[in-house]
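Colleague: For reference, this is query.cif, and it has mmCIF, N, CA and C atoms.
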```
data_entry
loop_
_atom_site.label_atom_id
_atom_site.label_comp_id
_atom_site.auth_asym_id
_atom_site.auth_seq_id
_atom_site.Cartn_x
_atom_site.Cartn_y
_atom_site.Cartn_z
N MET A 300 95.92 152.89 126.69
CA MET A 300 94.98 151.84 126.34
C MET A 300 93.83 151.85 127.35
N GLU A 301 92.64 151.77 126.84
CA GLU A 301 91.47 151.80 127.70
C GLU A 301 91.26 150.43 128.36
N ARG A 302 90.87 150.46 129.63
CA ARG A 302 90.68 149.21 130.37
C ARG A 302 89.26 149.17 130.94
N ASP A 303 88.79 147.93 131.17
CA ASP A 303 87.47 147.79 131.77
C ASP A 303 87.59 147.88 133.29
N ARG A 304 86.50 147.65 133.99
CA ARG A 304 86.51 147.82 135.45
C ARG A 304 87.37 146.78 136.17
N ASP A 305 87.67 145.64 135.51
CA ASP A 305 88.53 144.63 136.12
C ASP A 305 90.01 144.89 135.84
N GLY A 306 90.30 145.87 135.03
CA GLY A 306 91.69 146.20 134.72
C GLY A 306 92.22 145.55 133.46
N ALA A 307 91.43 144.72 132.79
CA ALA A 307 91.88 144.07 131.56
C ALA A 307 91.66 145.01 130.37
N PRO A 308 92.53 144.96 129.37
CA PRO A 308 92.30 145.77 128.18
C PRO A 308 90.96 145.43 127.54
N ILE A 309 90.30 146.42 126.96
CA ILE A 309 88.94 146.26 126.43
C ILE A 309 88.86 145.16 125.38
N GLY A 310 89.80 145.08 124.46
CA GLY A 310 89.74 144.12 123.36
C GLY A 310 89.97 142.68 123.75
N VAL A 311 90.46 142.42 124.97
CA VAL A 311 90.78 141.06 125.38
C VAL A 311 89.53 140.20 125.43
N HIS A 312 88.46 140.71 125.98
CA HIS A 312 87.24 139.92 126.10
C HIS A 312 86.66 139.60 124.73
N THR A 313 86.70 140.56 123.83
CA THR A 313 86.19 140.34 122.47
C THR A 313 87.00 139.25 121.78
N SER A 314 88.31 139.29 121.91
CA SER A 314 89.17 138.28 121.30
C SER A 314 88.89 136.89 121.88
N LEU A 315 88.69 136.84 123.18
CA LEU A 315 88.41 135.56 123.83
C LEU A 315 87.08 134.99 123.35
N VAL A 316 86.07 135.84 123.25
CA VAL A 316 84.76 135.38 122.78
C VAL A 316 84.86 134.89 121.33
N LEU A 317 85.57 135.63 120.48
CA LEU A 317 85.73 135.21 119.09
C LEU A 317 86.49 133.88 118.99
N ALA A 318 87.50 133.70 119.83
CA ALA A 318 88.25 132.46 119.83
C ALA A 318 87.37 131.28 120.26
N LEU A 319 86.53 131.49 121.28
CA LEU A 319 85.64 130.43 121.73
C LEU A 319 84.57 130.10 120.68
N VAL A 320 84.08 131.11 119.99
CA VAL A 320 83.11 130.87 118.92
C VAL A 320 83.77 130.07 117.80
N ALA A 321 85.00 130.44 117.43
CA ALA A 321 85.71 129.71 116.38
C ALA A 321 85.98 128.26 116.80
N LEU A 322 86.35 128.06 118.05
CA LEU A 322 86.58 126.70 118.56
C LEU A 322 85.30 125.89 118.50
N GLY A 323 84.19 126.47 118.97
CA GLY A 323 82.91 125.77 118.94
C GLY A 323 82.46 125.46 117.52
N ALA A 324 82.66 126.40 116.60
CA ALA A 324 82.29 126.17 115.21
C ALA A 324 83.13 125.06 114.60
N GLY A 325 84.41 125.04 114.94
CA GLY A 325 85.28 123.98 114.44
C GLY A 325 84.86 122.61 114.95
N PHE A 326 84.55 122.53 116.24
CA PHE A 326 84.06 121.26 116.79
C PHE A 326 82.76 120.85 116.13
N PHE A 327 81.84 121.80 115.94
CA PHE A 327 80.55 121.47 115.33
C PHE A 327 80.74 120.92 113.92
N VAL A 328 81.61 121.54 113.13
CA VAL A 328 81.83 121.08 111.76
C VAL A 328 82.46 119.69 111.76
N ARG A 329 83.40 119.44 112.67
CA ARG A 329 84.02 118.11 112.74
C ARG A 329 83.03 117.05 113.20
N ILE A 330 82.17 117.39 114.16
CA ILE A 330 81.13 116.45 114.59
C ILE A 330 80.17 116.16 113.45
N LEU A 331 79.77 117.19 112.72
CA LEU A 331 78.87 117.03 111.59
C LEU A 331 79.50 116.14 110.51
N ARG A 332 80.78 116.35 110.22
CA ARG A 332 81.49 115.53 109.22
C ARG A 332 81.51 114.07 109.65
N TRP A 333 81.81 113.83 110.93
CA TRP A 333 81.88 112.47 111.43
C TRP A 333 80.49 111.82 111.41
N TRP A 334 79.47 112.57 111.75
CA TRP A 334 78.09 112.07 111.72
C TRP A 334 77.70 111.67 110.30
N TRP A 335 78.08 112.49 109.31
CA TRP A 335 77.77 112.14 107.92
C TRP A 335 78.44 110.84 107.52
N MET A 336 79.67 110.61 107.97
CA MET A 336 80.36 109.36 107.66
C MET A 336 79.66 108.18 108.32
N LEU A 337 79.28 108.34 109.58
CA LEU A 337 78.61 107.25 110.27
C LEU A 337 77.21 106.98 109.71
N ARG A 338 76.54 108.03 109.28
CA ARG A 338 75.18 107.87 108.72
C ARG A 338 75.17 107.10 107.42
N ALA A 339 76.28 107.10 106.70
CA ALA A 339 76.35 106.32 105.46
C ALA A 339 76.14 104.84 105.74
N LEU A 340 76.53 104.39 106.93
CA LEU A 340 76.39 102.99 107.29
C LEU A 340 75.28 102.74 108.30
N GLU A 341 74.85 103.77 108.99
CA GLU A 341 73.78 103.68 109.99
C GLU A 341 72.84 104.86 109.80
N PRO A 342 71.90 104.75 108.83
CA PRO A 342 71.05 105.90 108.47
C PRO A 342 70.18 106.44 109.60
N GLU A 343 69.88 105.65 110.59
CA GLU A 343 69.00 106.09 111.68
C GLU A 343 69.74 106.85 112.78
N LEU A 344 71.05 106.97 112.67
CA LEU A 344 71.86 107.63 113.70
C LEU A 344 71.55 109.12 113.76
N ARG A 345 71.28 109.63 114.95
CA ARG A 345 70.96 111.04 115.15
C ARG A 345 72.25 111.81 115.49
N LEU A 346 72.28 113.07 115.12
CA LEU A 346 73.46 113.91 115.33
C LEU A 346 73.83 114.01 116.81
N HIS A 347 72.86 114.15 117.68
CA HIS A 347 73.15 114.34 119.11
C HIS A 347 73.88 113.15 119.71
N ARG A 348 73.75 111.95 119.11
CA ARG A 348 74.45 110.77 119.62
C ARG A 348 75.95 110.82 119.32
N CYS A 349 76.38 111.67 118.40
CA CYS A 349 77.80 111.77 118.03
C CYS A 349 78.54 112.83 118.84
N VAL A 350 77.81 113.73 119.49
CA VAL A 350 78.46 114.85 120.17
C VAL A 350 79.29 114.37 121.37
N ARG A 351 78.68 113.62 122.27
CA ARG A 351 79.39 113.19 123.48
C ARG A 351 80.60 112.32 123.17
N PRO A 352 80.50 111.28 122.30
CA PRO A 352 81.69 110.49 121.99
C PRO A 352 82.83 111.32 121.40
N PHE A 353 82.47 112.27 120.53
CA PHE A 353 83.49 113.11 119.91
C PHE A 353 84.20 113.97 120.95
N LEU A 354 83.43 114.67 121.78
CA LEU A 354 84.03 115.56 122.77
C LEU A 354 84.83 114.80 123.83
N VAL A 355 84.33 113.63 124.24
CA VAL A 355 85.07 112.82 125.20
C VAL A 355 86.39 112.36 124.59
N SER A 356 86.37 111.96 123.32
CA SER A 356 87.61 111.51 122.69
C SER A 356 88.62 112.65 122.56
N ILE A 357 88.14 113.87 122.30
CA ILE A 357 89.04 115.03 122.25
C ILE A 357 89.66 115.25 123.63
N ALA A 358 88.85 115.18 124.68
CA ALA A 358 89.37 115.38 126.03
C ALA A 358 90.39 114.30 126.40
N VAL A 359 90.10 113.05 126.08
CA VAL A 359 91.04 111.97 126.39
C VAL A 359 92.31 112.12 125.56
N ASN A 360 92.19 112.47 124.29
CA ASN A 360 93.38 112.68 123.45
C ASN A 360 94.26 113.80 123.98
N ASN A 361 93.66 114.79 124.61
CA ASN A 361 94.43 115.91 125.15
C ASN A 361 95.09 115.60 126.49
N THR A 362 94.68 114.52 127.14
CA THR A 362 95.22 114.20 128.46
C THR A 362 95.98 112.87 128.52
N VAL A 363 95.73 111.97 127.59
CA VAL A 363 96.35 110.65 127.60
C VAL A 363 97.13 110.47 126.29
N PRO A 364 98.31 109.88 126.34
CA PRO A 364 99.09 109.73 125.11
C PRO A 364 98.56 108.64 124.17
N LEU A 365 99.14 108.59 122.99
CA LEU A 365 98.89 107.55 121.99
C LEU A 365 97.48 107.54 121.42
N ARG A 366 96.86 108.70 121.32
CA ARG A 366 95.52 108.82 120.72
C ARG A 366 94.51 107.86 121.36
N ALA A 367 94.60 107.71 122.66
CA ALA A 367 93.72 106.80 123.39
C ALA A 367 92.26 107.23 123.27
N GLY A 368 92.00 108.52 123.04
CA GLY A 368 90.63 108.99 122.88
C GLY A 368 89.94 108.38 121.68
N ASP A 369 90.71 108.08 120.64
CA ASP A 369 90.12 107.44 119.47
C ASP A 369 89.64 106.03 119.80
N LEU A 370 90.41 105.34 120.63
CA LEU A 370 89.98 104.01 121.06
C LEU A 370 88.75 104.09 121.95
N VAL A 371 88.71 105.12 122.81
CA VAL A 371 87.53 105.32 123.66
C VAL A 371 86.31 105.58 122.78
N ARG A 372 86.49 106.39 121.75
CA ARG A 372 85.37 106.70 120.85
C ARG A 372 84.88 105.44 120.13
N ALA A 373 85.83 104.59 119.71
CA ALA A 373 85.45 103.39 118.95
C ALA A 373 84.85 102.31 119.83
N PHE A 374 85.50 102.02 120.95
CA PHE A 374 85.07 100.89 121.77
C PHE A 374 84.13 101.30 122.90
N GLY A 375 84.34 102.46 123.49
CA GLY A 375 83.54 102.87 124.63
C GLY A 375 82.14 103.36 124.27
N PHE A 376 81.97 103.81 123.05
CA PHE A 376 80.67 104.36 122.65
C PHE A 376 80.02 103.58 121.51
N ALA A 377 80.39 102.32 121.36
CA ALA A 377 79.83 101.50 120.27
C ALA A 377 78.31 101.39 120.39
N ASP A 378 77.79 101.23 121.61
CA ASP A 378 76.34 101.13 121.79
C ASP A 378 75.64 102.45 121.49
N THR A 379 76.23 103.55 121.94
CA THR A 379 75.63 104.87 121.70
C THR A 379 75.56 105.17 120.21
N LEU A 380 76.61 104.78 119.49
CA LEU A 380 76.68 105.05 118.05
C LEU A 380 75.99 104.00 117.20
N ARG A 381 75.57 102.90 117.84
CA ARG A 381 74.92 101.80 117.14
C ARG A 381 75.77 101.28 115.98
N SER A 382 77.08 101.22 116.22
CA SER A 382 78.02 100.78 115.19
C SER A 382 79.09 99.91 115.83
N PRO A 383 79.55 98.89 115.11
CA PRO A 383 80.65 98.09 115.66
C PRO A 383 81.93 98.92 115.72
N PRO A 384 82.83 98.60 116.65
CA PRO A 384 84.05 99.39 116.81
C PRO A 384 84.89 99.52 115.53
N MET A 385 84.96 98.49 114.72
CA MET A 385 85.78 98.57 113.51
C MET A 385 85.19 99.56 112.51
N ARG A 386 83.90 99.71 112.48
CA ARG A 386 83.28 100.70 111.60
C ARG A 386 83.65 102.11 112.07
N VAL A 387 83.63 102.31 113.38
CA VAL A 387 84.00 103.62 113.92
C VAL A 387 85.48 103.90 113.66
N ILE A 388 86.34 102.90 113.82
CA ILE A 388 87.76 103.07 113.54
C ILE A 388 87.96 103.41 112.06
N GLY A 389 87.18 102.81 111.18
CA GLY A 389 87.26 103.15 109.75
C GLY A 389 86.96 104.61 109.50
N THR A 390 85.95 105.15 110.19
CA THR A 390 85.65 106.58 110.02
C THR A 390 86.76 107.46 110.59
N LEU A 391 87.41 106.98 111.66
CA LEU A 391 88.52 107.74 112.23
C LEU A 391 89.70 107.79 111.25
N VAL A 392 89.95 106.69 110.56
CA VAL A 392 91.02 106.67 109.56
C VAL A 392 90.68 107.64 108.43
N ILE A 393 89.43 107.62 107.98
CA ILE A 393 89.01 108.55 106.93
C ILE A 393 89.16 109.99 107.41
N GLU A 394 88.80 110.27 108.65
CA GLU A 394 88.99 111.62 109.22
C GLU A 394 90.44 112.05 109.17
N ARG A 395 91.35 111.16 109.55
CA ARG A 395 92.78 111.50 109.55
C ARG A 395 93.27 111.78 108.13
N VAL A 396 92.82 111.00 107.17
CA VAL A 396 93.22 111.21 105.78
C VAL A 396 92.69 112.56 105.28
N LEU A 397 91.43 112.87 105.57
CA LEU A 397 90.87 114.16 105.17
C LEU A 397 91.62 115.31 105.83
N ASP A 398 91.94 115.17 107.12
CA ASP A 398 92.71 116.20 107.82
C ASP A 398 94.08 116.40 107.17
N MET A 399 94.71 115.29 106.77
CA MET A 399 96.02 115.39 106.14
C MET A 399 95.93 116.14 104.81
N PHE A 400 94.90 115.86 104.01
CA PHE A 400 94.73 116.55 102.73
C PHE A 400 94.50 118.05 102.95
N VAL A 401 93.74 118.41 103.95
CA VAL A 401 93.49 119.82 104.22
C VAL A 401 94.80 120.50 104.64
N LEU A 402 95.58 119.87 105.51
CA LEU A 402 96.86 120.44 105.92
C LEU A 402 97.82 120.58 104.74
N LEU A 403 97.87 119.56 103.88
CA LEU A 403 98.72 119.65 102.70
C LEU A 403 98.26 120.77 101.76
N ALA A 404 96.95 120.93 101.62
CA ALA A 404 96.43 122.00 100.77
C ALA A 404 96.85 123.36 101.33
N PHE A 405 96.71 123.56 102.64
CA PHE A 405 97.15 124.82 103.24
C PHE A 405 98.66 125.02 103.05
N PHE A 406 99.43 123.95 103.20
CA PHE A 406 100.88 124.06 103.02
C PHE A 406 101.22 124.50 101.61
N PHE A 407 100.63 123.86 100.60
CA PHE A 407 100.97 124.20 99.23
C PHE A 407 100.44 125.56 98.80
N VAL A 408 99.29 125.95 99.32
CA VAL A 408 98.81 127.30 99.04
C VAL A 408 99.76 128.33 99.65
N GLY A 409 100.20 128.08 100.88
CA GLY A 409 101.16 128.98 101.51
C GLY A 409 102.50 128.98 100.80
N LEU A 410 102.96 127.82 100.36
CA LEU A 410 104.23 127.72 99.64
C LEU A 410 104.15 128.45 98.30
N HIS A 411 103.02 128.31 97.63
CA HIS A 411 102.83 128.97 96.33
C HIS A 411 102.87 130.49 96.47
N GLY A 412 102.37 131.00 97.55
CA GLY A 412 102.33 132.44 97.76
C GLY A 412 103.59 133.02 98.36
N SER A 413 104.56 132.17 98.72
CA SER A 413 105.79 132.66 99.36
C SER A 413 106.88 132.86 98.31
N PRO A 414 107.61 133.97 98.40
CA PRO A 414 108.73 134.18 97.48
C PRO A 414 109.87 133.22 97.80
N LEU A 415 110.65 132.88 96.79
CA LEU A 415 111.76 131.94 96.98
C LEU A 415 112.84 132.47 97.91
N GLU A 416 112.89 133.78 98.12
CA GLU A 416 113.90 134.34 99.02
C GLU A 416 113.72 133.84 100.45
N HIS A 417 112.51 133.39 100.80
CA HIS A 417 112.27 132.87 102.15
C HIS A 417 112.82 131.47 102.34
N PHE A 418 113.23 130.82 101.24
CA PHE A 418 113.76 129.46 101.28
C PHE A 418 115.15 129.45 100.66
N PRO A 419 116.18 129.79 101.45
CA PRO A 419 117.53 129.92 100.88
C PRO A 419 118.09 128.61 100.35
N GLY A 420 117.57 127.47 100.77
CA GLY A 420 118.09 126.18 100.31
C GLY A 420 117.48 125.70 99.01
N LEU A 421 116.60 126.48 98.40
CA LEU A 421 115.95 126.08 97.16
C LEU A 421 116.32 127.03 96.03
N ARG A 422 116.41 126.49 94.83
CA ARG A 422 116.65 127.32 93.65
C ARG A 422 115.55 127.07 92.64
N ASP A 423 115.30 128.05 91.82
CA ASP A 423 114.26 127.99 90.80
C ASP A 423 114.84 127.36 89.53
N HIS A 424 114.33 126.22 89.12
CA HIS A 424 114.76 125.56 87.89
C HIS A 424 113.57 125.46 86.96
N ARG A 425 113.83 125.26 85.70
CA ARG A 425 112.75 125.15 84.70
C ARG A 425 112.70 123.73 84.15
N ARG A 426 111.47 123.29 83.85
CA ARG A 426 111.26 121.96 83.31
C ARG A 426 111.48 121.95 81.81
N GLY A 427 112.24 120.98 81.36
CA GLY A 427 112.36 120.64 79.94
C GLY A 427 112.52 121.81 78.99
N PRO A 428 112.57 121.52 77.69
CA PRO A 428 112.67 122.58 76.69
C PRO A 428 111.39 123.37 76.58
N ARG A 429 111.51 124.59 76.12
CA ARG A 429 110.35 125.49 76.02
C ARG A 429 109.24 124.92 75.16
N HIS A 430 109.56 124.20 74.10
CA HIS A 430 108.51 123.70 73.20
C HIS A 430 107.71 122.56 73.80
N ALA A 431 108.20 121.96 74.91
CA ALA A 431 107.49 120.85 75.53
C ALA A 431 106.39 121.32 76.47
N VAL A 432 106.39 122.61 76.78
CA VAL A 432 105.43 123.16 77.73
C VAL A 432 104.41 123.99 76.96
N PRO A 433 103.10 123.80 77.21
CA PRO A 433 102.09 124.60 76.49
C PRO A 433 102.31 126.09 76.69
N HIS A 434 102.15 126.84 75.62
CA HIS A 434 102.24 128.29 75.63
C HIS A 434 103.62 128.81 76.01
N GLY A 435 104.62 127.94 76.03
CA GLY A 435 105.99 128.37 76.29
C GLY A 435 106.23 128.98 77.66
N ASN A 436 105.39 128.64 78.65
CA ASN A 436 105.54 129.22 79.99
C ASN A 436 105.74 128.10 81.00
N PRO A 437 106.99 127.64 81.19
CA PRO A 437 107.21 126.52 82.11
C PRO A 437 106.99 126.93 83.56
N ASP A 438 106.52 125.98 84.35
CA ASP A 438 106.34 126.20 85.78
C ASP A 438 107.66 126.00 86.49
N PRO A 439 107.91 126.73 87.57
CA PRO A 439 109.16 126.52 88.29
C PRO A 439 109.13 125.21 89.08
N ILE A 440 110.29 124.60 89.17
CA ILE A 440 110.47 123.41 90.02
C ILE A 440 111.43 123.82 91.12
N LEU A 441 111.09 123.54 92.35
CA LEU A 441 111.96 123.86 93.47
C LEU A 441 112.83 122.67 93.78
N VAL A 442 114.15 122.87 93.73
CA VAL A 442 115.10 121.79 93.92
C VAL A 442 116.11 122.20 94.99
N PRO A 443 116.36 121.36 95.99
CA PRO A 443 117.40 121.69 96.97
C PRO A 443 118.76 121.83 96.30
N ASN A 444 119.59 122.70 96.84
CA ASN A 444 120.92 122.95 96.27
C ASN A 444 121.73 121.67 96.14
N GLN A 445 121.60 120.74 97.08
CA GLN A 445 122.38 119.51 97.05
C GLN A 445 122.04 118.65 95.84
N LEU A 446 120.80 118.74 95.34
CA LEU A 446 120.40 117.93 94.18
C LEU A 446 120.62 118.65 92.86
N GLU A 447 121.10 119.88 92.91
CA GLU A 447 121.24 120.69 91.70
C GLU A 447 122.15 120.01 90.68
N ARG A 448 123.21 119.35 91.12
CA ARG A 448 124.16 118.75 90.19
C ARG A 448 123.53 117.59 89.41
N LEU A 449 122.45 116.98 89.94
CA LEU A 449 121.80 115.88 89.22
C LEU A 449 120.96 116.37 88.07
N PHE A 450 120.58 117.64 88.07
CA PHE A 450 119.74 118.18 87.02
C PHE A 450 120.59 118.91 86.04
#
```
Could you show the structure in this file as structure tokens?
Modeller:
Amino acid sequence: MERDRDGAPIGVHTSLVLALVALGAGFFVRILRWWWMLRALEPELRLHRCVRPFLVSIAVNNTVPLRAGDLVRAFGFADTLRSPPMRVIGTLVIERVLDMFVLLAFFFVGLHGSPLEHFPGLRDHRRGPRHAVPHGNPDPILVPNQLERLF
């Protein structure tokens, strides 16, 4: 394996740079999303005013338990954001719900693409009689083995 003058493998620096770019892009998209939510209620709010509260809340969330960074974002930066704390907390709740939907979407896309052999506790069952399903092609239902006797 080829190494640079510091002794590190050549591809390590490229991977690190790509990871930092991806991290920065992710933060930028999340800041932009939060700014759009806040702008719905405060149209004069500028994007740059959302950057510092967001990044500080991420740092506090990574160092202090119980999502304390969210409280810092809501109460500590109310003047910077020109919004009352409860409005900011409302946007944080919406952010969490959106994040949950994205995670669930990734989960179900991954589950859909995985063969049933990877899940030994599940069996493939069919819904209802063939004539009840359009085109006679029923979708599989995944049922744990323990519930099999109920079906």
Colleague: Identify, on the basis of only C-alpha atoms, every residue whose closest approach to Ala339 (chain A) does not exceed 12 Å; exclude the query and any residue fewer than 5 positions from it along the same chain; express the result as a PyMOL selection string.
Modeller: chain A and resi 332-334+344+382+386-387+390
Colleague: When you count only C-alpha atoms, which of these residues is closest to Asp378 (chain A): A:Leu391, A:Val359, A:Cys349, A:Val401?
Modeller: A:Cys349
Colleague: Figure out the distance between CA of Ala318 (chain A) and atom C of Leu370 (chain A), please, to one decimal in Å.
Modeller: 28.5 Å
Colleague: Write out as a PyMOL selection string all residues of region 326-369 of chain A that backbone DSSP assigns to alpha helix (DSSP H).
Modeller: chain A and resi 326-338+347-362+367-369
Colleague: Which value, in Å to one decimal, gives the distance between CA of Asp303 (chain A) and CA of Ala321 (chain A)?
Modeller: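 Here the two named atoms are 23.8 Å from each other.
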Colleague: Write down as a list in words the residues of region 320-439 of chain A whose backbone DSSP state falls under strand (DSSP E).
Modeller: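 Result set for region 320-439 of chain A (strand (DSSP E)): Leu421, Arg422, Asp423, His424, Arg425 and Pro439 of chain A.
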Colleague: Between CA of Phe353 (chain A) and atom C of Leu397 (chain A), what distance in Å does the model show, to one decimal?
Modeller: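 Calculated distance between CA of Phe353 (chain A) and atom C of Leu397 (chain A) is 16.4 Å.
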Colleague: Taking 3 positions as the minimum chain separation for residues in the same chain, which residues sit within 9 Å of Val371 (chain A) when counting only C-alpha atoms? Answer as JSON, numbers by chain.
Modeller: {"A": [352, 355, 356, 359, 367, 368, 374, 375, 376]}
Colleague: Using the selection just defined, write its residues with N, CA and C atoms as a short mmCIF file (atom, residue, chain, number, x, y, z; two decimals), in the frame of the given file.
Modeller:
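Printed below is out-v1.cif as written:
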```cif
data_model
loop_
_atom_site.label_atom_id
_atom_site.label_comp_id
_atom_site.auth_asym_id
_atom_site.auth_seq_id
_atom_site.Cartn_x
_atom_site.Cartn_y
_atom_site.Cartn_z
N PRO A 352 80.50 111.28 122.30
CA PRO A 352 81.69 110.49 121.99
C PRO A 352 82.83 111.32 121.40
N VAL A 355 84.33 113.63 124.24
CA VAL A 355 85.07 112.82 125.20
C VAL A 355 86.39 112.36 124.59
N SER A 356 86.37 111.96 123.32
CA SER A 356 87.61 111.51 122.69
C SER A 356 88.62 112.65 122.56
N VAL A 359 90.10 113.05 126.08
CA VAL A 359 91.04 111.97 126.39
C VAL A 359 92.31 112.12 125.56
N ALA A 367 94.60 107.71 122.66
CA ALA A 367 93.72 106.80 123.39
C ALA A 367 92.26 107.23 123.27
N GLY A 368 92.00 108.52 123.04
CA GLY A 368 90.63 108.99 122.88
C GLY A 368 89.94 108.38 121.68
N PHE A 374 85.50 102.02 120.95
CA PHE A 374 85.07 100.89 121.77
C PHE A 374 84.13 101.30 122.90
N GLY A 375 84.34 102.46 123.49
CA GLY A 375 83.54 102.87 124.63
C GLY A 375 82.14 103.36 124.27
N PHE A 376 81.97 103.81 123.05
CA PHE A 376 80.67 104.36 122.65
C PHE A 376 80.02 103.58 121.51
#
```
Colleague: Taking the file as shown, find all residues satisfying the PyMOL selection byres (((chain A and resi 345-347 and name CA) around 12) and name CA) and write them as a PyMOL selection string.
Modeller: chain A and resi 327-338+341-344+348-354+379-381
Colleague: Using the selection just defined, write its residues with N, CA and C atoms as an mmCIF file, in the frame of the given file.
Modeller:
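As written to disk, selection-v1.cif reads:
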```cif
data_model
loop_
_atom_site.group_PDB
_atom_site.id
_atom_site.type_symbol
_atom_site.label_atom_id
_atom_site.label_comp_id
_atom_site.auth_asym_id
_atom_site.auth_seq_id
_atom_site.Cartn_x
_atom_site.Cartn_y
_atom_site.Cartn_z
ATOM 1 N N PHE A 327 81.840 121.800 115.940
ATOM 2 C CA PHE A 327 80.550 121.470 115.330
ATOM 3 C C PHE A 327 80.740 120.920 113.920
ATOM 4 N N VAL A 328 81.610 121.540 113.130
ATOM 5 C CA VAL A 328 81.830 121.080 111.760
ATOM 6 C C VAL A 328 82.460 119.690 111.760
ATOM 7 N N ARG A 329 83.400 119.440 112.670
ATOM 8 C CA ARG A 329 84.020 118.110 112.740
ATOM 9 C C ARG A 329 83.030 117.050 113.200
ATOM 10 N N ILE A 330 82.170 117.390 114.160
ATOM 11 C CA ILE A 330 81.130 116.450 114.590
ATOM 12 C C ILE A 330 80.170 116.160 113.450
ATOM 13 N N LEU A 331 79.770 117.190 112.720
ATOM 14 C CA LEU A 331 78.870 117.030 111.590
ATOM 15 C C LEU A 331 79.500 116.140 110.510
ATOM 16 N N ARG A 332 80.780 116.350 110.220
ATOM 17 C CA ARG A 332 81.490 115.530 109.220
ATOM 18 C C ARG A 332 81.510 114.070 109.650
ATOM 19 N N TRP A 333 81.810 113.830 110.930
ATOM 20 C CA TRP A 333 81.880 112.470 111.430
ATOM 21 C C TRP A 333 80.490 111.820 111.410
ATOM 22 N N TRP A 334 79.470 112.570 111.750
ATOM 23 C CA TRP A 334 78.090 112.070 111.720
ATOM 24 C C TRP A 334 77.700 111.670 110.300
ATOM 25 N N TRP A 335 78.080 112.490 109.310
ATOM 26 C CA TRP A 335 77.770 112.140 107.920
ATOM 27 C C TRP A 335 78.440 110.840 107.520
ATOM 28 N N MET A 336 79.670 110.610 107.970
ATOM 29 C CA MET A 336 80.360 109.360 107.660
ATOM 30 C C MET A 336 79.660 108.180 108.320
ATOM 31 N N LEU A 337 79.280 108.340 109.580
ATOM 32 C CA LEU A 337 78.610 107.250 110.270
ATOM 33 C C LEU A 337 77.210 106.980 109.710
ATOM 34 N N ARG A 338 76.540 108.030 109.280
ATOM 35 C CA ARG A 338 75.180 107.870 108.720
ATOM 36 C C ARG A 338 75.170 107.100 107.420
ATOM 37 N N GLU A 341 74.850 103.770 108.990
ATOM 38 C CA GLU A 341 73.780 103.680 109.990
ATOM 39 C C GLU A 341 72.840 104.860 109.800
ATOM 40 N N PRO A 342 71.900 104.750 108.830
ATOM 41 C CA PRO A 342 71.050 105.900 108.470
ATOM 42 C C PRO A 342 70.180 106.440 109.600
ATOM 43 N N GLU A 343 69.880 105.650 110.590
ATOM 44 C CA GLU A 343 69.000 106.090 111.680
ATOM 45 C C GLU A 343 69.740 106.850 112.780
ATOM 46 N N LEU A 344 71.050 106.970 112.670
ATOM 47 C CA LEU A 344 71.860 107.630 113.700
ATOM 48 C C LEU A 344 71.550 109.120 113.760
ATOM 49 N N ARG A 348 73.750 111.950 119.110
ATOM 50 C CA ARG A 348 74.450 110.770 119.620
ATOM 51 C C ARG A 348 75.950 110.820 119.320
ATOM 52 N N CYS A 349 76.380 111.670 118.400
ATOM 53 C CA CYS A 349 77.800 111.770 118.030
ATOM 54 C C CYS A 349 78.540 112.830 118.840
ATOM 55 N N VAL A 350 77.810 113.730 119.490
ATOM 56 C CA VAL A 350 78.460 114.850 120.170
ATOM 57 C C VAL A 350 79.290 114.370 121.370
ATOM 58 N N ARG A 351 78.680 113.620 122.270
ATOM 59 C CA ARG A 351 79.390 113.190 123.480
ATOM 60 C C ARG A 351 80.600 112.320 123.170
ATOM 61 N N PRO A 352 80.500 111.280 122.300
ATOM 62 C CA PRO A 352 81.690 110.490 121.990
ATOM 63 C C PRO A 352 82.830 111.320 121.400
ATOM 64 N N PHE A 353 82.470 112.270 120.530
ATOM 65 C CA PHE A 353 83.490 113.110 119.910
ATOM 66 C C PHE A 353 84.200 113.970 120.950
ATOM 67 N N LEU A 354 83.430 114.670 121.780
ATOM 68 C CA LEU A 354 84.030 115.560 122.770
ATOM 69 C C LEU A 354 84.830 114.800 123.830
ATOM 70 N N THR A 379 76.230 103.550 121.940
ATOM 71 C CA THR A 379 75.630 104.870 121.700
ATOM 72 C C THR A 379 75.560 105.170 120.210
ATOM 73 N N LEU A 380 76.610 104.780 119.490
ATOM 74 C CA LEU A 380 76.680 105.050 118.050
ATOM 75 C C LEU A 380 75.990 104.000 117.200
ATOM 76 N N ARG A 381 75.570 102.900 117.840
ATOM 77 C CA ARG A 381 74.920 101.800 117.140
ATOM 78 C C ARG A 381 75.770 101.280 115.980
#
```
Colleague: Using only N, CA and C atoms, find the one residue out of A:Ala373, A:Ser413, A:Val408, A:Leu319 that sits nearest to Gly389 (chain A).
Modeller: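 Nearest to Gly389 (chain A): A:Ala373.
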